[in-house]
>>> print(open('query_17.cif').read())   # mmCIF, C-alpha atoms and all ligand atoms
data_data
loop_
_atom_site.label_atom_id
_atom_site.label_comp_id
_atom_site.auth_asym_id
_atom_site.auth_seq_id
_atom_site.Cartn_x
_atom_site.Cartn_y
_atom_site.Cartn_z
CA MET A 1 126.99 110.55 104.01
CA ASP A 2 128.20 113.32 106.31
CA PRO A 3 128.20 111.78 109.80
CA THR A 4 128.01 115.22 111.42
CA LYS A 5 124.38 115.31 110.31
CA PHE A 6 123.87 112.50 112.77
CA GLY A 7 125.53 112.09 116.15
CA VAL A 8 127.48 109.52 118.10
CA SER A 9 126.02 108.40 121.43
CA SER A 10 128.35 108.14 124.41
CA ILE A 11 125.94 105.63 125.97
CA PRO A 12 125.81 102.31 124.11
CA LEU A 13 122.61 101.74 122.16
CA ASN A 14 120.57 98.53 122.32
CA HIS A 15 120.61 96.33 119.25
CA ALA A 16 118.22 93.68 120.55
CA PRO A 17 115.29 93.58 122.98
CA TYR A 18 116.76 94.40 126.42
CA GLY A 19 115.79 94.56 130.12
CA PRO A 20 112.14 95.66 130.31
CA ILE A 21 111.22 94.60 126.77
CA THR A 22 112.37 90.99 126.69
CA ASP A 23 109.72 88.37 125.91
CA ASP A 24 109.27 87.22 129.51
CA LYS A 25 108.53 90.84 130.59
CA LEU A 26 106.06 91.46 127.75
CA LYS A 27 103.93 88.34 128.18
CA GLY A 28 100.36 89.20 129.15
CA LEU A 29 100.93 93.00 129.19
CA ASN A 30 98.24 93.60 126.54
CA GLN A 31 96.01 90.62 127.36
CA GLY A 32 92.65 90.75 125.57
CA LYS A 33 93.25 94.10 123.85
CA VAL A 34 92.74 94.57 120.11
CA ALA A 35 95.67 95.87 118.05
CA LEU A 36 95.77 96.94 114.41
CA VAL A 37 99.07 97.02 112.51
CA THR A 38 99.40 98.43 108.98
CA GLY A 39 102.09 97.04 106.70
CA GLY A 40 102.36 93.99 108.93
CA ALA A 41 102.95 91.36 106.25
CA ARG A 42 106.74 91.43 106.58
CA GLY A 43 109.72 93.24 108.06
CA ILE A 44 109.21 95.48 111.07
CA GLY A 45 105.39 95.28 110.84
CA ARG A 46 105.47 91.51 111.16
CA ALA A 47 107.69 91.76 114.24
CA ILE A 48 105.35 94.38 115.75
CA SER A 49 102.37 92.08 115.18
CA GLY A 50 104.31 89.18 116.68
CA LYS A 51 105.33 91.01 119.86
CA LEU A 52 101.83 92.45 120.35
CA ALA A 53 100.48 88.90 119.99
CA LEU A 54 103.06 87.62 122.47
CA SER A 55 101.87 90.32 124.88
CA GLY A 56 98.32 88.91 124.62
CA ALA A 57 96.59 91.24 122.14
CA ASN A 58 94.34 90.00 119.34
CA ILE A 59 95.70 91.36 116.10
CA ALA A 60 94.41 92.80 112.82
CA ILE A 61 97.16 92.94 110.21
CA LEU A 62 96.73 95.06 107.07
CA ASP A 63 98.89 94.91 103.96
CA LEU A 64 98.95 94.54 100.20
CA LEU A 65 100.89 91.28 100.28
CA GLU A 66 98.49 88.39 100.67
CA HIS A 67 101.02 85.56 100.85
CA GLU A 68 103.24 87.31 103.42
CA LEU A 69 100.14 88.27 105.45
CA ALA A 70 99.38 84.58 105.86
CA GLU A 71 102.87 84.04 107.32
CA SER A 72 102.39 86.90 109.80
CA LYS A 73 99.06 85.33 110.81
CA VAL A 74 100.79 82.04 111.59
CA LEU A 75 103.35 83.86 113.74
CA GLY A 76 100.64 85.75 115.67
CA GLU A 77 98.49 82.67 116.20
CA SER A 78 101.47 80.78 117.63
CA PHE A 79 100.94 82.92 120.73
CA GLY A 80 97.35 81.71 121.13
CA VAL A 81 95.60 84.99 120.20
CA LYS A 82 93.11 85.76 117.41
CA VAL A 83 94.69 87.12 114.24
CA LYS A 84 92.77 88.52 111.26
CA THR A 85 94.39 89.72 108.04
CA TYR A 86 93.06 92.25 105.54
CA VAL A 87 94.39 92.95 102.05
CA VAL A 88 94.12 96.70 101.49
CA ASP A 89 96.07 99.53 99.92
CA VAL A 90 96.43 102.00 102.78
CA THR A 91 96.25 104.93 100.36
CA ASP A 92 92.68 103.95 99.47
CA VAL A 93 90.80 106.07 102.00
CA ASP A 94 87.39 104.43 101.58
CA GLY A 95 88.92 100.95 101.48
CA LEU A 96 90.94 101.63 104.63
CA ARG A 97 87.94 103.03 106.51
CA ALA A 98 85.90 99.98 105.48
CA VAL A 99 88.63 97.65 106.80
CA LEU A 100 88.71 99.50 110.15
CA LYS A 101 84.97 98.84 110.46
CA ARG A 102 85.43 95.17 109.61
CA VAL A 103 88.20 94.85 112.20
CA GLU A 104 85.81 96.11 114.89
CA GLU A 105 83.14 93.66 113.76
CA ASP A 106 85.65 90.79 113.72
CA LEU A 107 87.67 91.52 116.86
CA GLY A 108 85.95 94.33 118.80
CA PRO A 109 86.97 97.95 119.53
CA ILE A 110 90.56 98.77 118.61
CA ASP A 111 92.78 99.67 121.59
CA ILE A 112 96.17 99.85 119.87
CA LEU A 113 96.94 101.26 116.42
CA VAL A 114 100.38 100.95 114.86
CA ASN A 115 100.82 102.90 111.63
CA ASN A 116 103.79 101.09 110.16
CA ALA A 117 103.16 100.74 106.40
CA GLY A 118 105.81 102.65 104.54
CA VAL A 119 107.91 102.93 101.41
CA SER A 120 111.23 104.57 100.62
CA PRO A 121 111.93 104.74 96.88
CA GLY A 122 115.48 106.11 97.49
CA LYS A 123 115.73 108.28 94.39
CA PRO A 124 116.88 111.87 93.87
CA GLN A 125 114.16 114.33 92.88
CA TRP A 126 115.30 114.40 89.25
CA MET A 127 114.74 110.64 88.92
CA GLU A 128 111.28 110.63 90.42
CA SER A 129 107.92 111.77 89.02
CA PHE A 130 105.78 114.05 91.14
CA GLU A 131 103.18 111.26 91.29
CA ASP A 132 105.71 108.80 92.75
CA PHE A 133 106.92 111.40 95.27
CA TRP A 134 103.32 112.06 96.32
CA ARG A 135 102.54 108.34 96.64
CA THR A 136 105.31 108.12 99.24
CA ILE A 137 103.62 110.92 101.19
CA GLU A 138 100.26 109.17 100.89
CA ILE A 139 101.56 105.78 102.08
CA ASN A 140 103.80 107.09 104.86
CA PHE A 141 101.75 110.04 106.12
CA LYS A 142 98.22 110.21 104.75
CA SER A 143 97.39 106.61 105.64
CA ALA A 144 98.47 107.18 109.26
CA MET A 145 96.20 110.21 109.46
CA VAL A 146 93.25 108.36 107.91
CA THR A 147 93.46 105.62 110.56
CA THR A 148 94.07 108.20 113.30
CA TRP A 149 91.08 110.31 112.24
CA ALA A 150 88.90 107.19 112.27
CA LEU A 151 90.11 105.86 115.62
CA LEU A 152 91.04 108.80 117.83
CA PRO A 153 87.44 110.01 118.42
CA LYS A 154 86.61 106.50 119.70
CA LEU A 155 89.65 106.44 121.97
CA ARG A 156 88.61 109.86 123.29
CA GLU A 157 85.14 108.50 124.09
CA ARG A 158 86.65 105.54 125.94
CA LYS A 159 89.43 107.76 127.38
CA SER A 160 91.95 105.07 126.57
CA GLY A 161 94.16 103.73 123.79
CA VAL A 162 97.57 103.99 122.17
CA ILE A 163 98.60 105.09 118.68
CA ILE A 164 102.15 104.37 117.56
CA ASN A 165 103.43 105.90 114.34
CA ILE A 166 106.56 104.38 112.86
CA ALA A 167 108.62 107.42 111.92
CA SER A 168 112.36 107.33 111.21
CA ARG A 169 115.60 109.12 111.93
CA ALA A 170 114.99 110.38 108.37
CA ALA A 171 112.54 112.83 109.98
CA THR A 172 115.48 114.62 111.60
CA VAL A 173 118.12 114.93 108.85
CA ASP A 174 118.35 116.11 105.26
CA PHE A 175 119.35 112.74 103.94
CA PRO A 176 119.51 112.89 100.10
CA PHE A 177 117.40 110.78 97.73
CA ALA A 178 114.50 110.77 100.14
CA VAL A 179 112.51 114.00 99.79
CA GLY A 180 109.19 112.19 100.09
CA TYR A 181 110.45 109.86 102.79
CA ASN A 182 112.09 112.53 104.99
CA SER A 183 109.14 114.92 104.61
CA SER A 184 106.53 112.25 105.34
CA LYS A 185 108.40 111.02 108.41
CA ALA A 186 108.86 114.57 109.73
CA ALA A 187 105.13 115.12 109.18
CA VAL A 188 104.36 111.92 111.10
CA ALA A 189 106.50 113.04 114.04
CA ARG A 190 105.03 116.56 114.07
CA ALA A 191 101.44 115.28 113.82
CA THR A 192 102.11 112.88 116.69
CA SER A 193 103.35 115.59 119.05
CA THR A 194 100.64 118.08 118.04
CA LEU A 195 97.83 115.56 118.46
CA GLN A 196 99.18 114.57 121.88
CA GLU A 197 99.20 118.26 122.81
CA GLU A 198 95.47 118.39 122.01
CA ILE A 199 94.87 115.20 124.01
CA GLU A 200 96.65 116.82 126.98
CA LEU A 201 94.48 119.95 126.67
CA ASP A 202 91.46 117.75 127.24
CA GLY A 203 93.11 116.09 130.24
CA LEU A 204 93.17 112.69 128.52
CA GLY A 205 96.94 112.07 128.41
CA ASP A 206 96.93 109.49 131.17
CA GLY A 207 94.58 107.33 129.08
CA ILE A 208 95.56 108.09 125.50
CA GLN A 209 99.14 108.14 124.30
CA MET A 210 100.70 108.61 120.88
CA TYR A 211 104.32 107.98 119.94
CA ALA A 212 106.55 108.42 116.87
CA LEU A 213 109.22 105.71 116.73
CA HIS A 214 112.52 105.27 115.00
CA PRO A 215 112.88 101.48 114.84
CA GLY A 216 116.67 101.53 114.47
CA GLY A 217 118.36 100.49 111.25
CA VAL A 218 116.68 97.24 110.31
CA PRO A 219 117.72 95.03 107.40
CA THR A 220 114.41 94.61 105.52
CA ALA A 221 113.22 94.65 101.92
CA MET A 222 112.93 98.43 102.25
CA SER A 223 116.37 99.13 103.68
CA LYS A 224 118.02 96.88 101.11
CA SER A 225 116.39 98.85 98.30
CA GLU A 226 117.37 102.15 99.94
CA VAL A 227 121.09 101.66 99.27
CA ARG A 228 121.49 102.28 95.54
CA MET A 229 125.05 101.56 94.56
CA ASP A 230 124.65 103.29 91.18
CA LEU A 231 123.80 106.56 92.96
CA LEU A 232 126.61 106.17 95.49
CA GLU A 233 128.99 105.84 92.53
CA LYS A 234 127.54 108.95 90.87
CA TYR A 235 127.80 110.94 94.09
CA PRO A 236 131.10 109.81 95.70
CA SER A 237 130.87 112.66 98.25
CA LEU A 238 128.16 110.62 99.97
CA THR A 239 130.67 107.96 100.86
CA GLN A 240 133.72 110.16 101.36
CA HIS A 241 133.33 109.82 105.12
CA GLY A 242 133.67 106.07 104.73
CA THR A 243 130.06 105.40 105.57
CA ASP A 244 129.16 101.80 104.98
CA PHE A 245 125.46 102.14 104.25
CA GLN A 246 124.64 98.49 104.75
CA ALA A 247 126.28 98.62 108.19
CA LEU A 248 123.69 101.21 109.26
CA PHE A 249 121.05 98.48 109.16
CA LYS A 250 121.94 96.08 111.93
CA ASP A 251 118.99 96.04 114.31
CA PRO A 252 116.48 93.18 114.44
CA PRO A 253 112.84 94.16 113.76
CA GLU A 254 111.94 92.66 117.14
CA LEU A 255 113.60 95.64 118.91
CA CYS A 256 110.86 97.88 117.54
CA GLY A 257 108.20 95.19 117.92
CA ALA A 258 108.97 94.73 121.60
CA THR A 259 109.08 98.50 122.15
CA CYS A 260 105.59 98.79 120.62
CA ALA A 261 104.20 96.09 122.94
CA TYR A 262 105.75 97.89 125.93
CA LEU A 263 104.43 101.33 124.93
CA ALA A 264 101.00 99.88 124.09
CA ALA A 265 100.78 98.66 127.67
CA GLY A 266 101.22 102.23 128.94
CA LYS A 267 104.63 101.48 130.41
CA ALA A 268 106.33 104.71 129.31
CA LYS A 269 103.62 107.37 129.38
CA GLU A 270 106.23 109.98 130.29
CA LEU A 271 107.31 109.83 126.64
CA ARG A 272 103.85 110.34 125.14
CA GLY A 273 103.71 112.54 122.10
CA LEU A 274 107.45 112.27 121.61
CA TYR A 275 109.84 110.80 119.05
CA TRP A 276 111.47 107.71 120.41
CA ASP A 277 114.57 105.91 119.14
CA CYS A 278 113.98 102.24 120.00
CA ARG A 279 117.70 101.68 120.49
CA GLN A 280 117.84 103.89 123.59
CA ASP A 281 117.18 102.59 127.11
CA ILE A 282 113.55 103.48 127.69
CA GLU A 283 113.62 103.17 131.50
CA ARG A 284 116.64 105.47 131.67
CA VAL A 285 114.90 108.22 129.69
CA VAL A 286 111.57 107.79 131.49
CA ARG A 287 113.45 108.48 134.75
CA TYR A 288 114.18 112.01 133.48
CA GLY A 289 110.49 112.68 133.98
CA ARG A 290 108.04 114.20 131.54
CA GLU A 291 108.28 117.70 132.98
CA ARG A 292 112.02 117.91 132.40
CA LEU A 293 111.85 116.34 128.94
CA MET A 294 109.15 118.79 127.88
CA LYS A 295 110.85 121.81 129.45
CA GLU A 296 114.14 121.02 127.75
CA GLY A 297 112.40 120.24 124.44
CA LYS A 298 113.91 116.77 124.18
CA TYR A 299 112.68 114.07 121.77
CA VAL A 300 110.68 116.53 119.68
CA LEU A 301 111.42 118.10 116.29
CA LYS A 302 112.63 121.65 116.73
CA ILE A 303 114.75 124.40 115.22
CA ASP A 304 117.81 126.13 116.70
CA PHE A 305 119.22 129.59 115.89
CA VAL A 306 122.55 131.33 116.57
CA GLU A 307 123.08 132.69 120.05
CA GLY A 308 120.85 135.64 120.78
CA TYR A 309 117.95 134.51 118.65
CA LYS A 310 115.15 132.37 119.96
CA ASN A 311 112.14 130.83 118.29
CA GLU A 312 109.87 133.75 119.16
CA PRO A 313 106.10 133.50 118.88
N1 LIG A 401 114.08 99.28 107.89
C1 LIG A 401 114.56 100.34 108.50
O1 LIG A 401 115.77 100.44 108.83
C2 LIG A 401 113.63 101.47 108.88
C3 LIG A 401 114.18 102.61 109.50
C4 LIG A 401 113.34 103.64 109.88
C5 LIG A 401 111.97 103.52 109.67
N2 LIG A 401 111.46 102.41 109.05
C6 LIG A 401 110.01 102.35 108.86
O2 LIG A 401 109.50 101.11 109.30
C7 LIG A 401 108.31 100.78 108.60
C8 LIG A 401 108.39 99.35 108.09
O3 LIG A 401 109.42 99.28 107.13
P1 LIG A 401 110.24 97.95 106.81
O4 LIG A 401 111.68 98.31 106.87
O5 LIG A 401 109.74 96.82 107.62
O6 LIG A 401 109.91 97.76 105.26
P2 LIG A 401 109.13 96.61 104.47
O7 LIG A 401 109.15 97.05 103.05
O8 LIG A 401 109.68 95.28 104.81
O9 LIG A 401 107.65 96.70 105.07
C9 LIG A 401 106.73 97.70 104.71
C10 LIG A 401 105.37 97.04 104.61
O10 LIG A 401 104.42 98.06 104.24
C11 LIG A 401 103.58 97.50 103.25
N3 LIG A 401 103.02 98.53 102.38
C12 LIG A 401 103.69 99.40 101.59
N4 LIG A 401 102.84 100.15 100.87
C13 LIG A 401 101.60 99.75 101.24
C14 LIG A 401 100.29 100.14 100.84
N5 LIG A 401 100.10 101.10 99.93
N6 LIG A 401 99.24 99.54 101.42
C15 LIG A 401 99.41 98.56 102.33
N7 LIG A 401 100.61 98.14 102.75
C16 LIG A 401 101.70 98.73 102.19
C17 LIG A 401 104.50 96.59 102.44
O11 LIG A 401 103.75 95.66 101.65
C18 LIG A 401 105.33 95.96 103.53
O12 LIG A 401 104.74 94.79 104.04
C19 LIG A 401 108.18 101.83 107.50
O13 LIG A 401 107.26 102.83 107.89
C20 LIG A 401 109.56 102.40 107.41
O14 LIG A 401 109.58 103.71 106.90
C21 LIG A 401 112.26 101.38 108.65
#
>>> encode(input="query_17.cif", output="structure tokens")
Amino acid sequence: MDPTKFGVSSIPLNHAPYGPITDDKLKGLNQGKVALVTGGARGIGRAISGKLALSGANIAILDLLEHELAESKVLGESFGVKVKTYVVDVTDVDGLRAVLKRVEEDLGPIDILVNNAGVSPGKPQWMESFEDFWRTIEINFKSAMVTTWALLPKLRERKSGVIINIASRAATVDFPFAVGYNSSKAAVARATSTLQEEIELDGLGDGIQMYALHPGGVPTAMSKSEVRMDLLEKYPSLTQHGTDFQALFKDPPELCGATCAYLAAGKAKELRGLYWDCRQDIERVVRYGRERLMKEGKYVLKIDFVEGYKNEP
């Protein structure tokens, strides 16, 4: 992989929950709220459910994996909150809408939505059928829009709520073997910022916030399957810079989980609508102030041209 497609921070990144997002700081922040997490049976989704539970929210966890869902339920309940699990394929629009209704019957109105379910088949275009490519788009992007379309009108009525979309650094680079993944994550980030723009137009931004998160590089079932040694051997140029792919995945899922609990509590509204890398120091960036971040176009997908050309309307 060409490292110049990424960057190197001069400020050290966090690789574990830090300062404002440690367990003792999160406890009680979302007391009595209702949170829904898709893809919460394992990996990052389980950690998100766990930290939201630790922060006091009752949790609805959706996934395909029944056995793993039961384990996430045990983790959530260990914090003394109500946890309900629902087996559903998030690409099934009617099924997903029906589950959202059941969640409201079981737990009450949803305050926090985390669209986390995702897949990354990690194949070049020539190895993948169109149907498989499109399924990635449906899991990673369509499902997040189905839940958003169902919930956002209700949040608008109540003038309050938080939607967190788990995006990825893949939204920002042309990383090979991930056409569906990169495109779906870019779409997630763009939809997040555009929807927030509409929320701002209606003067609701203080009550309703959306975020697109990069969770860091997290060793999970997905990230393990992403690194295909056979393809790295076929395309040695991808490793010519000495990139150790496994070493890119070194962050615990709890870093993202804790960030979600913090954002859900409205602790970093300055960043609403933006793409957030969970490894950065959230208080440091919030101190920049929303006006400056927006004016300078930080934390949002954009395009640059050579000097003299601007992105004209
Ligand atoms: N692991 C990383 O380093 C990393 C980096 C950037 C972004 N992400 C994103 O984080 C999210 C979680 O990924 P993870 O690494 O924990 O992977 P994971 O494979 O451990 O978890 C994904 C979960 O989504 C569920 N899921 C997949 N398809 C589904 C469907 N059709 N219906 C219902 N549930 C479905 C899976 O069953 C699984 O429980 C994904 O959106 C992923 O793109 C992960």
>>> residues_near_ligand(input="query_17.cif", ligand="ligand LIG 401 (chain A)", cutoff="7 Å", atoms="only C-alpha atoms and all ligand atoms", output="ChimeraX atom specification")
/A:38-45,62-65,88-91,116-120,139-140,166-169,214-223,249
>>> residues_around(input="query_17.cif", residues="region 105-109 of chain A", least_positions_apart="6", cutoff="10 Å", atoms="all atoms listed in the file", output="MDAnalysis selection string")
chainID A and resid 33:35 58:60 82:84 99 151 154:155 158
>>> atom_distance(input="query_17.cif", atom1="CA of Lys159 (chain A)", atom2="CA of Lys269 (chain A)")
14.3 Å
>>> atom_distance(input="query_17.cif", atom1="CA of Asp304 (chain A)", atom2="CA of Arg190 (chain A)")
16.2 Å
>>> atom_distance(input="query_17.cif", atom1="CA of Phe141 (chain A)", atom2="CA of Tyr211 (chain A)")
14.2 Å
